[in-house]
Structures are given as structure tokens and as C-alpha cells.
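Colleague: Contents are mmCIF, C-alpha atoms; file name data-v7.cif:
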data_target
#
loop_
_atom_site.label_atom_id
_atom_site.label_comp_id
_atom_site.auth_asym_id
_atom_site.auth_seq_id
_atom_site.Cartn_x
_atom_site.Cartn_y
_atom_site.Cartn_z
CA MET K 84 10.68 0.09 6.73
CA SER K 85 13.15 1.59 9.21
CA ALA K 86 13.26 -1.73 11.08
CA LEU K 87 14.31 -3.61 7.93
CA GLY K 88 17.02 -1.02 7.27
CA TYR K 89 18.31 -1.50 10.80
CA TYR K 90 18.31 -5.31 10.74
CA LEU K 91 19.82 -5.65 7.25
CA GLU K 92 22.56 -3.10 7.92
CA ARG K 93 23.33 -4.83 11.22
CA ALA K 94 23.72 -8.05 9.22
CA GLY K 95 26.26 -6.34 6.97
CA ILE K 96 24.17 -5.24 3.98
CA MET K 97 24.04 -1.56 3.05
CA THR K 98 20.57 -0.06 2.84
CA THR K 99 19.04 3.09 1.47
CA GLY K 100 15.45 3.96 0.74
CA ILE K 101 12.43 6.18 0.85
CA SER K 102 10.80 7.73 3.91
CA LEU K 103 7.19 8.90 3.66
CA VAL K 104 6.72 10.05 7.25
CA ARG K 105 9.78 12.06 8.21
CA GLU K 106 9.03 12.12 11.94
CA ASN K 107 8.87 8.30 12.14
CA THR K 108 12.18 7.97 10.30
CA GLN K 109 13.84 10.66 12.40
CA ALA K 110 12.81 8.76 15.54
CA MET K 111 14.03 5.30 14.48
CA GLN K 112 17.17 6.54 12.69
CA PRO K 113 17.67 3.91 9.98
CA PRO K 114 21.10 4.14 8.29
CA ARG K 115 20.03 6.07 5.18
CA ALA K 116 16.68 7.52 4.13
CA LEU K 117 15.42 10.04 1.61
CA TRP K 118 12.29 11.75 2.89
CA VAL K 119 9.91 12.55 0.04
CA PRO K 120 6.92 14.94 0.23
CA PHE K 121 4.58 12.52 -1.55
CA PRO K 122 1.26 11.01 -0.45
CA LEU K 123 1.15 7.67 1.34
CA GLY K 124 0.96 4.97 -1.32
CA ARG K 125 3.18 6.88 -3.77
CA PRO K 126 6.81 6.52 -2.63
CA LEU K 127 8.21 7.29 -6.10
CA GLY K 128 5.94 10.31 -6.55
CA ILE K 129 4.12 10.21 -9.89
CA PRO K 130 2.80 7.15 -11.76
CA ASN K 131 4.20 6.62 -15.25
CA ASP K 132 6.58 9.59 -14.98
CA ILE K 133 9.82 7.72 -15.67
CA ALA K 134 12.10 10.77 -15.42
CA PHE K 135 10.57 11.84 -12.10
CA GLN K 136 10.92 8.35 -10.63
CA HIS K 137 14.54 8.17 -11.75
CA ARG K 138 15.34 11.47 -10.05
CA VAL K 139 13.93 10.15 -6.77
CA ILE K 140 15.80 6.84 -7.07
CA ARG K 141 19.10 8.53 -7.89
CA ALA K 142 18.74 10.84 -4.87
CA ALA K 143 18.20 7.81 -2.62
CA LEU K 144 21.10 5.87 -4.17
CA ALA K 145 23.37 8.89 -3.64
CA LEU K 146 23.03 8.33 0.11
CA LEU K 147 25.18 5.21 -0.30
CA ASP K 148 28.16 7.55 -0.83
CA TYR K 149 28.03 9.03 2.68
CA ASP K 150 30.96 8.13 4.91
CA GLU K 151 28.96 8.10 8.13
CA GLY K 152 25.39 8.16 9.29
CA PRO K 153 22.56 7.93 10.02
CA VAL K 154 21.59 10.03 7.02
CA LEU K 155 18.14 11.56 6.54
CA VAL K 156 17.92 13.88 3.54
CA ASP K 157 14.85 15.80 2.35
CA TYR K 158 13.95 15.44 -1.33
CA PRO K 159 13.25 18.93 -2.70
CA GLU K 160 10.89 18.22 -5.60
CA GLU K 161 7.12 18.09 -5.11
CA ALA K 162 4.87 15.68 -7.00
CA GLN K 163 2.29 17.83 -8.75
CA ALA K 164 -1.09 16.82 -7.33
CA PRO K 165 -4.02 16.24 -9.71
CA ASN K 166 -6.92 18.68 -9.42
CA ILE K 167 -9.37 17.18 -6.96
CA GLU K 168 -12.33 19.22 -8.21
CA THR K 169 -12.24 18.36 -11.87
CA ASN K 170 -10.32 15.22 -12.53
CA LEU K 171 -12.79 12.42 -11.86
CA ALA K 172 -15.69 12.10 -14.27
CA CYS K 173 -17.90 9.32 -12.95
CA PRO K 174 -18.49 6.73 -15.65
CA VAL K 175 -21.87 5.69 -14.22
CA SER K 176 -24.73 7.29 -12.34
CA PHE K 177 -24.75 5.68 -8.95
CA ASN K 178 -28.12 5.11 -7.37
CA THR K 179 -27.75 5.34 -3.63
CA THR K 180 -31.43 5.87 -2.89
CA THR K 181 -32.61 2.38 -3.71
CA THR K 182 -31.02 0.83 -0.66
CA GLN K 183 -34.08 1.73 1.36
CA GLU K 184 -36.39 -0.39 -0.76
CA GLN K 185 -34.23 -3.05 -2.36
CA SER K 186 -32.03 -5.73 -0.94
CA TRP K 187 -28.32 -5.03 -0.64
CA HIS K 188 -27.72 -8.16 -2.68
CA ASN K 189 -29.62 -6.67 -5.61
CA VAL K 190 -28.30 -3.13 -5.27
CA LEU K 191 -24.67 -4.27 -5.21
CA GLY K 192 -25.33 -6.63 -8.11
CA GLU K 193 -26.79 -3.82 -10.21
CA GLU K 194 -23.92 -1.50 -9.35
CA LEU K 195 -21.43 -4.18 -10.33
CA ALA K 196 -23.20 -4.67 -13.67
CA GLN K 197 -22.90 -0.94 -14.35
CA LEU K 198 -19.21 -0.86 -13.47
CA ARG K 199 -18.18 -4.10 -15.19
CA PRO K 200 -17.68 -2.58 -18.69
CA TRP K 201 -15.60 0.23 -17.21
CA TYR K 202 -13.47 -2.24 -15.29
CA GLU K 203 -12.89 -4.20 -18.51
CA LEU K 204 -12.01 -0.98 -20.34
CA SER K 205 -9.60 -0.11 -17.55
CA LYS K 206 -7.97 -3.51 -17.82
CA ARG K 207 -7.56 -3.19 -21.59
CA ARG K 208 -6.01 0.27 -21.20
CA ARG K 209 -3.57 -1.11 -18.65
CA LYS K 210 -2.70 -4.00 -20.98
CA GLY K 211 -4.37 -6.60 -18.79
CA ARG K 212 -2.99 -5.31 -15.50
CA THR K 213 -5.41 -5.48 -12.60
CA LEU K 214 -5.02 -5.81 -8.83
CA VAL K 215 -8.31 -7.69 -8.49
CA GLY K 216 -7.94 -11.34 -7.58
CA ILE K 217 -6.32 -11.72 -4.16
CA SER K 218 -9.51 -13.44 -2.97
CA GLU K 219 -10.35 -16.81 -4.43
CA ASP K 220 -13.89 -15.61 -5.14
CA SER K 221 -14.99 -13.82 -8.30
CA ILE K 222 -16.00 -10.19 -7.86
CA GLU K 223 -19.61 -11.24 -8.53
CA ASP K 224 -19.48 -13.76 -5.68
CA ILE K 225 -17.78 -11.25 -3.37
CA LEU K 226 -20.45 -8.58 -3.85
CA ALA K 227 -23.21 -11.18 -3.59
CA LYS K 228 -21.81 -12.42 -0.27
CA LEU K 229 -21.30 -8.90 1.06
CA GLY K 230 -24.89 -8.09 0.05
CA GLN K 231 -26.20 -11.17 1.84
CA LEU K 232 -24.31 -10.21 5.00
CA LEU K 233 -25.72 -6.68 4.87
CA ASP K 234 -29.25 -7.98 4.26
CA ALA K 235 -28.87 -10.29 7.26
CA ASN K 236 -27.28 -7.54 9.39
CA ALA K 237 -24.47 -10.01 10.01
CA LEU K 238 -20.71 -9.84 10.33
CA PRO K 239 -18.37 -12.50 8.92
CA THR K 240 -16.79 -13.05 12.32
CA LYS K 241 -15.86 -16.65 11.54
CA ASN K 242 -14.29 -15.77 8.22
CA LEU K 243 -12.32 -12.60 8.79
CA LYS K 244 -9.47 -13.56 6.49
CA TRP K 245 -11.90 -14.00 3.62
CA PHE K 246 -13.47 -10.63 4.49
CA LYS K 247 -10.09 -8.85 4.43
CA LEU K 248 -9.28 -10.13 0.95
CA ALA K 249 -12.83 -9.76 -0.35
CA ILE K 250 -13.19 -6.08 0.55
CA GLU K 251 -9.73 -5.35 -0.86
CA ASP K 252 -10.80 -6.94 -4.15
CA ALA K 253 -14.10 -5.05 -4.12
CA LYS K 254 -12.50 -1.67 -3.43
CA VAL K 255 -9.79 -2.06 -6.02
CA PHE K 256 -12.34 -3.25 -8.62
CA TYR K 257 -14.22 0.02 -8.08
CA ILE K 258 -11.01 2.09 -8.17
CA GLU K 259 -9.98 0.51 -11.45
CA ALA K 260 -13.44 1.03 -12.98
CA LEU K 261 -13.57 4.65 -11.82
CA THR K 262 -10.16 5.33 -13.37
CA ALA K 263 -10.78 3.61 -16.69
CA GLN K 264 -9.93 6.71 -18.67
CA PRO K 265 -6.26 7.73 -18.94
CA GLY K 266 -4.93 10.30 -16.53
CA ASP K 267 -3.50 10.77 -13.06
CA TYR K 268 -6.34 10.78 -10.60
CA SER K 269 -6.62 12.47 -7.24
CA ALA K 270 -6.74 9.88 -4.48
CA GLU K 271 -9.11 12.20 -2.58
CA ALA K 272 -11.54 12.38 -5.51
CA ILE K 273 -11.57 8.60 -5.89
CA GLU K 274 -12.13 8.17 -2.18
CA GLN K 275 -14.96 10.70 -2.16
CA THR K 276 -16.71 8.89 -4.99
CA LEU K 277 -16.17 5.41 -3.60
CA TRP K 278 -17.27 6.23 -0.08
CA HIS K 279 -19.97 8.80 -0.63
CA LYS K 280 -21.55 7.98 -4.00
CA THR K 281 -21.55 4.20 -4.32
CA ALA K 282 -23.70 1.57 -2.64
CA LEU K 283 -20.52 -0.39 -1.90
CA GLY K 284 -19.17 2.60 0.01
CA THR K 285 -22.37 2.87 2.02
CA GLY K 286 -22.34 -0.87 2.71
CA LEU K 287 -18.69 -0.82 3.80
CA GLN K 288 -19.44 2.03 6.18
CA ILE K 289 -22.10 -0.16 7.78
CA PHE K 290 -19.57 -2.97 8.20
CA TYR K 291 -17.15 -0.42 9.62
CA GLU K 292 -19.64 0.78 12.20
CA HIS K 293 -20.64 -2.73 13.22
CA PHE K 294 -17.06 -3.93 13.59
CA ALA K 295 -16.03 -0.77 15.45
CA ALA K 296 -18.84 -1.39 17.93
CA THR K 297 -18.09 -5.10 18.40
CA PRO K 298 -15.87 -6.01 21.36
CA ASN K 299 -12.56 -7.59 20.33
CA LEU K 300 -13.22 -6.92 16.65
CA ALA K 301 -12.93 -3.15 16.54
CA ILE K 302 -9.49 -3.52 14.97
CA VAL K 303 -11.10 -5.09 11.88
CA ALA K 304 -12.80 -1.76 11.20
CA ARG K 305 -9.38 -0.32 10.34
CA LEU K 306 -9.11 -2.68 7.39
CA ILE K 307 -12.33 -1.40 5.90
CA ALA K 308 -12.08 2.35 5.71
CA SER K 309 -9.33 4.92 5.91
CA ARG K 310 -9.40 7.53 8.63
CA ARG K 311 -9.97 10.13 5.93
CA ALA K 312 -12.93 8.21 4.51
CA ILE K 313 -14.55 8.02 7.90
CA GLY K 314 -13.55 11.58 8.63
CA ALA K 315 -12.00 11.04 12.01
CA ALA K 316 -9.68 8.83 13.97
CA THR K 317 -10.31 5.15 13.43
CA GLY K 318 -13.01 4.08 15.81
CA GLY K 319 -13.14 7.55 17.32
CA ALA K 320 -15.96 9.37 15.63
CA ILE K 321 -18.15 6.46 14.75
CA THR K 322 -21.19 6.43 16.96
CA ALA K 323 -21.08 3.11 18.70
CA ARG K 324 -24.41 1.42 18.88
CA PRO K 325 -25.53 -1.81 20.45
CA THR K 326 -24.54 -4.73 18.32
CA ASP K 327 -27.08 -7.37 17.51
CA ASN K 328 -25.09 -8.82 14.67
CA LYS K 329 -25.39 -12.47 13.95
CA GLU K 330 -22.23 -14.42 13.46
CA THR K 331 -21.61 -16.18 10.19
CA MET C 48 1.32 15.30 1.09
CA VAL C 49 2.76 13.68 4.20
CA ARG C 50 3.76 16.85 5.96
CA LEU C 51 2.29 16.56 9.41
CA SER C 52 1.46 20.24 9.39
CA ASP C 53 -0.83 19.66 6.38
CA LEU C 54 -2.78 16.82 7.98
CA PRO C 55 -5.89 16.83 10.19
CA ASP C 56 -5.26 16.50 13.92
CA TYR C 57 -6.40 12.86 14.09
CA GLU C 58 -4.04 11.85 11.29
CA ARG C 59 -1.10 13.79 12.73
CA LYS C 60 -1.72 12.19 16.14
CA HIS C 61 -1.94 8.71 14.64
CA LEU C 62 1.32 9.06 12.69
CA LEU C 63 3.20 10.53 15.63
CA GLU C 64 2.12 7.58 17.77
CA LYS C 65 4.16 5.44 15.37
CA ASN C 66 7.40 7.17 16.39
CA MET C 67 9.66 4.48 17.83
CA PRO C 68 13.17 4.77 19.25
CA PRO C 69 16.11 3.12 17.45
CA LEU C 70 16.20 -0.67 17.78
CA GLY C 71 19.75 -0.61 19.14
CA ALA C 72 23.21 0.80 18.48
CA LEU C 73 23.04 2.42 15.05
CA PRO C 74 24.61 0.10 12.46
CA TRP C 75 26.62 1.47 9.52
CA CYS C 76 28.21 -0.40 6.62
CA VAL C 77 30.99 1.37 4.75
CA SER C 78 30.79 1.38 0.98
CA ASN C 79 33.68 -0.52 -0.55
CA LYS C 80 32.87 -0.20 -4.23
CA PRO C 81 31.24 2.35 -6.54
CA LEU C 82 27.53 2.16 -7.35
CA SER C 83 28.40 1.02 -10.87
CA ASP C 84 29.85 -2.17 -9.34
CA LYS C 85 27.19 -2.75 -6.70
CA ARG C 86 24.60 -5.53 -6.83
CA ILE C 87 21.24 -4.11 -5.75
CA ALA C 88 18.09 -5.74 -4.37
CA LEU C 89 14.70 -4.11 -3.90
CA ILE C 90 12.61 -4.58 -0.78
CA THR C 91 9.12 -3.18 -0.40
CA THR C 92 6.84 -3.14 2.62
CA ALA C 93 3.75 -2.67 0.44
CA GLY C 94 2.39 -6.19 0.90
CA LEU C 95 2.99 -7.19 -2.73
CA HIS C 96 2.90 -10.76 -4.05
CA PHE C 97 1.66 -12.80 -6.97
CA ARG C 98 -1.82 -14.30 -7.08
CA GLY C 99 -0.55 -17.82 -6.43
CA ASP C 100 1.24 -16.74 -3.26
CA ASN C 101 -0.33 -16.63 0.17
CA ALA C 102 -1.86 -13.24 0.82
CA PHE C 103 -0.55 -11.32 3.82
CA ASP C 104 -2.46 -11.82 7.05
CA PHE C 105 -3.77 -8.97 9.24
CA ALA C 106 -0.41 -8.54 10.98
CA ASP C 107 2.25 -10.56 9.26
CA PRO C 108 6.07 -10.34 9.47
CA THR C 109 6.67 -12.90 6.71
CA PHE C 110 7.92 -12.05 3.23
CA ARG C 111 7.35 -13.04 -0.40
CA PRO C 112 9.99 -13.37 -3.15
CA ILE C 113 9.86 -11.47 -6.45
CA ALA C 114 12.37 -12.59 -9.08
CA THR C 115 14.03 -10.09 -11.42
CA THR C 116 12.72 -12.22 -14.27
CA ASP C 117 9.11 -12.04 -13.00
CA ASN C 118 6.61 -9.75 -14.67
CA ALA C 119 6.04 -7.15 -11.94
CA ASN C 120 2.83 -6.07 -13.65
CA ASN C 121 1.26 -9.24 -12.26
CA LEU C 122 1.91 -8.22 -8.65
CA VAL C 123 -1.11 -7.70 -6.42
CA MET C 124 -1.37 -6.14 -2.97
CA SER C 125 -2.85 -7.51 0.27
CA HIS C 126 -1.72 -4.80 2.67
CA SER C 127 -3.81 -4.48 5.82
CA SER C 128 -3.86 -0.68 6.01
CA ALA C 129 -6.70 1.23 4.38
CA ASN C 130 -4.86 4.50 4.93
CA PHE C 131 -2.91 4.93 1.72
CA ASP C 132 -3.71 5.51 -1.93
CA ARG C 133 -4.02 2.43 -4.16
CA SER C 134 -4.84 4.25 -7.39
CA GLY C 135 -1.24 5.18 -8.17
CA PHE C 136 -0.11 1.57 -7.84
CA VAL C 137 -3.03 0.47 -10.01
CA GLU C 138 -1.70 2.81 -12.67
CA ASP C 139 2.00 1.96 -12.41
CA VAL C 140 3.68 -0.82 -10.44
CA ASN C 141 6.97 1.12 -10.55
CA LEU C 142 5.48 3.82 -8.35
CA VAL C 143 5.79 1.36 -5.45
CA PHE C 144 8.12 -1.36 -6.70
CA PRO C 145 10.47 0.24 -9.26
CA LEU C 146 11.92 -2.92 -10.80
CA GLN C 147 11.71 -1.53 -14.32
CA ARG C 148 13.50 1.67 -13.26
CA PHE C 149 16.34 -0.44 -11.82
CA GLN C 150 16.51 -2.52 -14.98
CA GLU C 151 16.99 0.78 -16.81
CA LEU C 152 19.76 1.76 -14.38
CA LEU C 153 21.39 -1.59 -15.04
CA ALA C 154 21.14 -1.15 -18.82
CA GLU C 155 22.92 2.21 -18.60
CA GLN C 156 25.47 0.69 -16.17
CA THR C 157 24.60 3.06 -13.31
CA ILE C 158 24.41 -0.02 -11.08
CA GLY C 159 26.55 -3.13 -11.40
CA SER C 160 23.84 -5.78 -11.31
CA LEU C 161 20.40 -6.64 -9.95
CA ALA C 162 19.74 -9.37 -7.40
CA ASP C 163 18.14 -12.53 -8.72
CA VAL C 164 15.40 -12.19 -6.10
CA HIS C 165 13.79 -9.19 -4.40
CA TYR C 166 11.48 -9.26 -1.36
CA SER C 167 8.13 -7.96 -0.24
CA PHE C 168 7.00 -7.46 3.36
CA MET C 169 3.76 -6.02 4.72
CA GLY C 170 4.45 -3.13 7.05
CA ALA C 171 1.43 -2.78 9.30
CA GLY C 172 0.11 -3.74 12.69
CA LEU C 173 3.32 -4.99 14.29
CA MET C 174 6.03 -3.54 16.48
CA PRO C 175 9.37 -3.17 14.63
CA GLU C 176 11.01 -5.92 16.68
CA MET C 177 8.63 -8.48 15.18
CA TYR C 178 10.52 -8.26 11.86
CA GLU C 179 13.88 -9.34 13.34
CA ASN C 180 13.67 -13.03 12.44
CA SER C 181 12.38 -12.62 8.91
CA ALA C 182 14.84 -9.78 8.27
CA ALA C 183 17.68 -12.06 9.39
CA GLN C 184 16.40 -14.75 7.03
CA VAL C 185 16.28 -12.29 4.13
CA ALA C 186 19.76 -11.01 5.02
CA GLY C 187 21.06 -14.57 4.60
CA LEU C 188 19.31 -14.93 1.26
CA LEU C 189 20.68 -11.58 0.06
CA LYS C 190 24.22 -12.55 1.02
CA LYS C 191 23.89 -15.81 -0.87
CA ASP C 192 22.79 -13.69 -3.83
CA GLN C 193 25.93 -11.54 -3.26
CA VAL C 194 23.88 -8.38 -2.83
CA ASP C 195 25.83 -5.26 -1.82
CA ALA C 196 22.98 -2.85 -1.12
CA VAL C 197 19.20 -2.80 -0.70
CA PHE C 198 16.78 -0.15 -1.93
CA LEU C 199 13.81 0.03 0.46
CA THR C 200 10.41 1.41 -0.44
CA PRO C 201 7.54 1.89 2.01
CA VAL C 202 3.97 2.54 0.96
#
Would you give me this structure, written as C-alpha cells?
Modeller:
Amino acid sequence: MSALGYYLERAGIMTTGISLVRENTQAMQPPRALWVPFPLGRPLGIPNDIAFQHRVIRAALALLDYDEGPVLVDYPEEAQAPNIETNLACPVSFNTTTTQEQSWHNVLGEELAQLRPWYELSKRRRKGRTLVGISEDSIEDILAKLGQLLDANALPTKNLKWFKLAIEDAKVFYIEALTAQPGDYSAEAIEQTLWHKTALGTGLQIFYEHFAATPNLAIVARLIASRRAIGAATGGAITARPTDNKET
Amino acid sequence: MVRLSDLPDYERKHLLEKNMPPLGALPWCVSNKPLSDKRIALITTAGLHFRGDNAFDFADPTFRPIATTDNANNLVMSHSSANFDRSGFVEDVNLVFPLQRFQELLAEQTIGSLADVHYSFMGAGLMPEMYENSAAQVAGLLKKDQVDAVFLTPV
């Protein structure tokens, strides 16, 4: 973000914008930046709060009036965080105990069948808006393929680009299904449910561990799970174990 | 909240490792017209694009166009980082790419006009210098579009 501000301003185009990590912005010194105390992923603060978003935008646009810079201004208004304890009512009862006896392919398929009506409800509430669909595969095919890989204890080392898009589609399908009912949800609550209550979360943690322990592919683990989901620095706290993964 | 003092040690350490020095002498353009006459473009580094576009690769300095006339609700995200919230963007595209908010600013004549085309980058996995060529390309496109100022949003 700061780099684009630098290069565009150097080319003669004024820039202003949002900073989410003040220390990074302070170090790079882009021409104009409004630091906001909002979570990563939410640069305008609160979804669907038009007045709030306009206040943030106007504060950033006001930086264009400064006569000299660089300018780094702190935005004073907090975005009220949703209550992490109470705000996510799970629409389905996830069964995480069956993975010991059943195939991953079947467990993920059953979980998908449970979530599908909630995903459709979510899509209707959002007037058709969905982020699912960056992979060319259907969500059914994605979960089936992920299940097959888990059943085979294999990593998609020959098809990493597909894997990146497929897990993004899978995660966002779950997020949309879990947030089918109206309301502003706590990102922490969604993450806790996704990673600690669903079979997909358990399966993705297995992929994470295998990639993190595979020479030259440890960086792929970062695509799979956030540091918060894993509970420590990426690659740091995962117990590396010998990899006997087959390549696919 | 992204206050380093509120974050766990591993997260604070990771974010501080991203501190980079300025890329060169600090550039500064002087404003020569009021905001109500300025033509504004939006640029996001959230890895947004439409389904028909190429998704962003693992580390990718390229960019995707988003026209003012496009329906921003159809934007999807192929950002490589797993370390930010997606649920807010699922709920409201304007939280990350506030095209509708700027159309409202245009309607009330707070800004002069909106660029025909806005741009999306994916800010992850690369050193800042890697964006120089694509930023220069976008600067040329913005000038052709007679853009006066850019509003940048990270994710």
C-alpha cells in the first residue's frame, strides 16, 4: 500500500489512503495516510454502516489539503467490536468425532450437505452476493478432492495454484454459511468455529502441518491458516514430523 | 484491533518485520484544485477481481481493472494472506472497496468526478520494489483517465 502511494505520487498523482498497521506506514512514509484502529480486513471499519464509512473516507480525503508531508494522522473513532462470546449461533451441529472411523471424503461431503442450505440462505440475504467461485471447481468437487487428498495422506504438490483457490473457496463457503443470519459477526468467533468445530478446519490443519514440514513448501502453509488460527507464528509452533506424503 | 500492544508477541513480531524504509526521496504533489473539482480513482491491495479475471498468484505484482460502471458486488478475492478477516468483506464490499461511498460523494458534489477505471493489486509476499513497474503502468493509465488523486485501501 505504501509502495503504491510512493510510486504514484512520484509519477505526479496525489495519493491518500488508509493505514492498518501504523508502524509499517511510519517506517515507509508514504505521502498521506490515515491510520485507523480497525482489524485487518476492515479498512473502512464497520460493514454496512454508511455513515461510519463516510467519516473515515472524509478524514482520509482531508489529508489532500495539507501543504507538505509526509502526513500520517490517527483516526480517533473506534469500530465497535461484536461480542465474541454470544454473537455466533452455529446453524448446524458439527460432528468432528467421525473422522476416526469414516473417510475424509464422506465426512466433508456430509458437512457440506449440512451447510448447503445455510449458504443458500446467506446468498439470498445478500441478494445473490457470494465470494465463492474463484476456483473453476464446484464446492462439491473441491471438498471431494480435498477429502481424497486427506484420505491418501497426500499433498497437491503438482497443483498448488488449484489448492490455493480451492481452499479459499472452501473457507469462504463456510464463512458465508456460518453468517447466514443478519448481523455483524466477530471474526474471532467465526475463526474459532471454522478451525476448531468443523471437519474442514481439522482437515486444513492437517494440510497445514504437512506443508509446514515439507522442505521448500513450508511457505504454502501460510496460505492455509492464519497465525491466530494456528495459535503461534506461522510454521513456528507446529510440531514438524517426518513427511511421507505422496505427491499428486 | 491493529494496535501492536494489543497483539500476541508472534503477531507483533511478524508485523514489525514488515517495517521497510522509504523507497527513495519522499515525493509530494501539491494540490492545485479543490476536492470538489478533483477526479478520484480507487486502488485496493485486497486482491479483488471478477470471476472471469485471472486470480492472483501466490506473490503477484500485477493488477486488475474495476470499472466505475461495474457491479462491485460481483467482486471476489484471491488474496494470498490468511491473516485477515474475510467476513466483513463478505457482508459489504464497500468495507474494502468503497465504490458506492464514492458514488455518493460524487452525487453530493463533494468530489468532482470518478475515474472510469479503478485498480486492484494483491499486497502480499513481495518486497515493495516489486510493484514499481506495475505502479508505473497504472500511473500512465490514471493520467490518461485525467485522475487527480487516488484513494488507497489496504486489507
Colleague: What does the distance from CA of Thr285 (chain K) to CA of Arg212 (chain K) come to in Å, to one decimal?
Modeller: 27.4 Å
Colleague: Which residues, written as a ChimeraX atom specification, have at least one atom at most 10 Å from Gln275 (chain K), with all atoms listed in the file counted and residues fewer than 4 positions away on the same chain left out?
Modeller: /K:167,269-271,279-281,284,311-312
Colleague: For this structure, which residues satisfy the selection - the PyMOL selection byres ((chain C) within 7 of (chain K)) - when it is evaluated on the file as given? I want them as a PyMOL selection string.
Modeller: chain C and resi 48-50+57-58+65-69+74-78+92+98+102+120-121+123-125+127-135+137-139+142-143+148+175+179+182-183+186+195-202
Colleague: For this file, the PyMOL selection byres ((chain C and resi 113) around 7) selects which residues, as a ChimeraX atom specification?
Modeller: /C:111-112,114-115,117,164-166
Colleague: Using all atoms listed in the file, determine which residues lie at most 8 Å from Phe110 (chain C), disregarding the query and same-chain residues fewer than 5 positions distant; provide the list as a CSV table (one decimal) with C-alpha atoms, in the coordinates of the input.
Modeller:
chain,number,residue,atom,x,y,z
C,166,TYR,CA,11.5,-9.3,-1.4
C,167,SER,CA,8.1,-8.0,-0.2
C,168,PHE,CA,7.0,-7.5,3.4
C,169,MET,CA,3.8,-6.0,4.7
C,181,SER,CA,12.4,-12.6,8.9
Colleague: Write out as a list of chain:residue names the residues lying within 9 Å of Glu194 (chain K), counting all atoms listed in the file and excluding same-chain residues fewer than 4 positions away.
Modeller: K:Val175, K:Phe177, K:Asn178, K:Asn189, K:Val190, K:Leu198, K:Arg199, K:Thr281, K:Ala282, K:Leu283
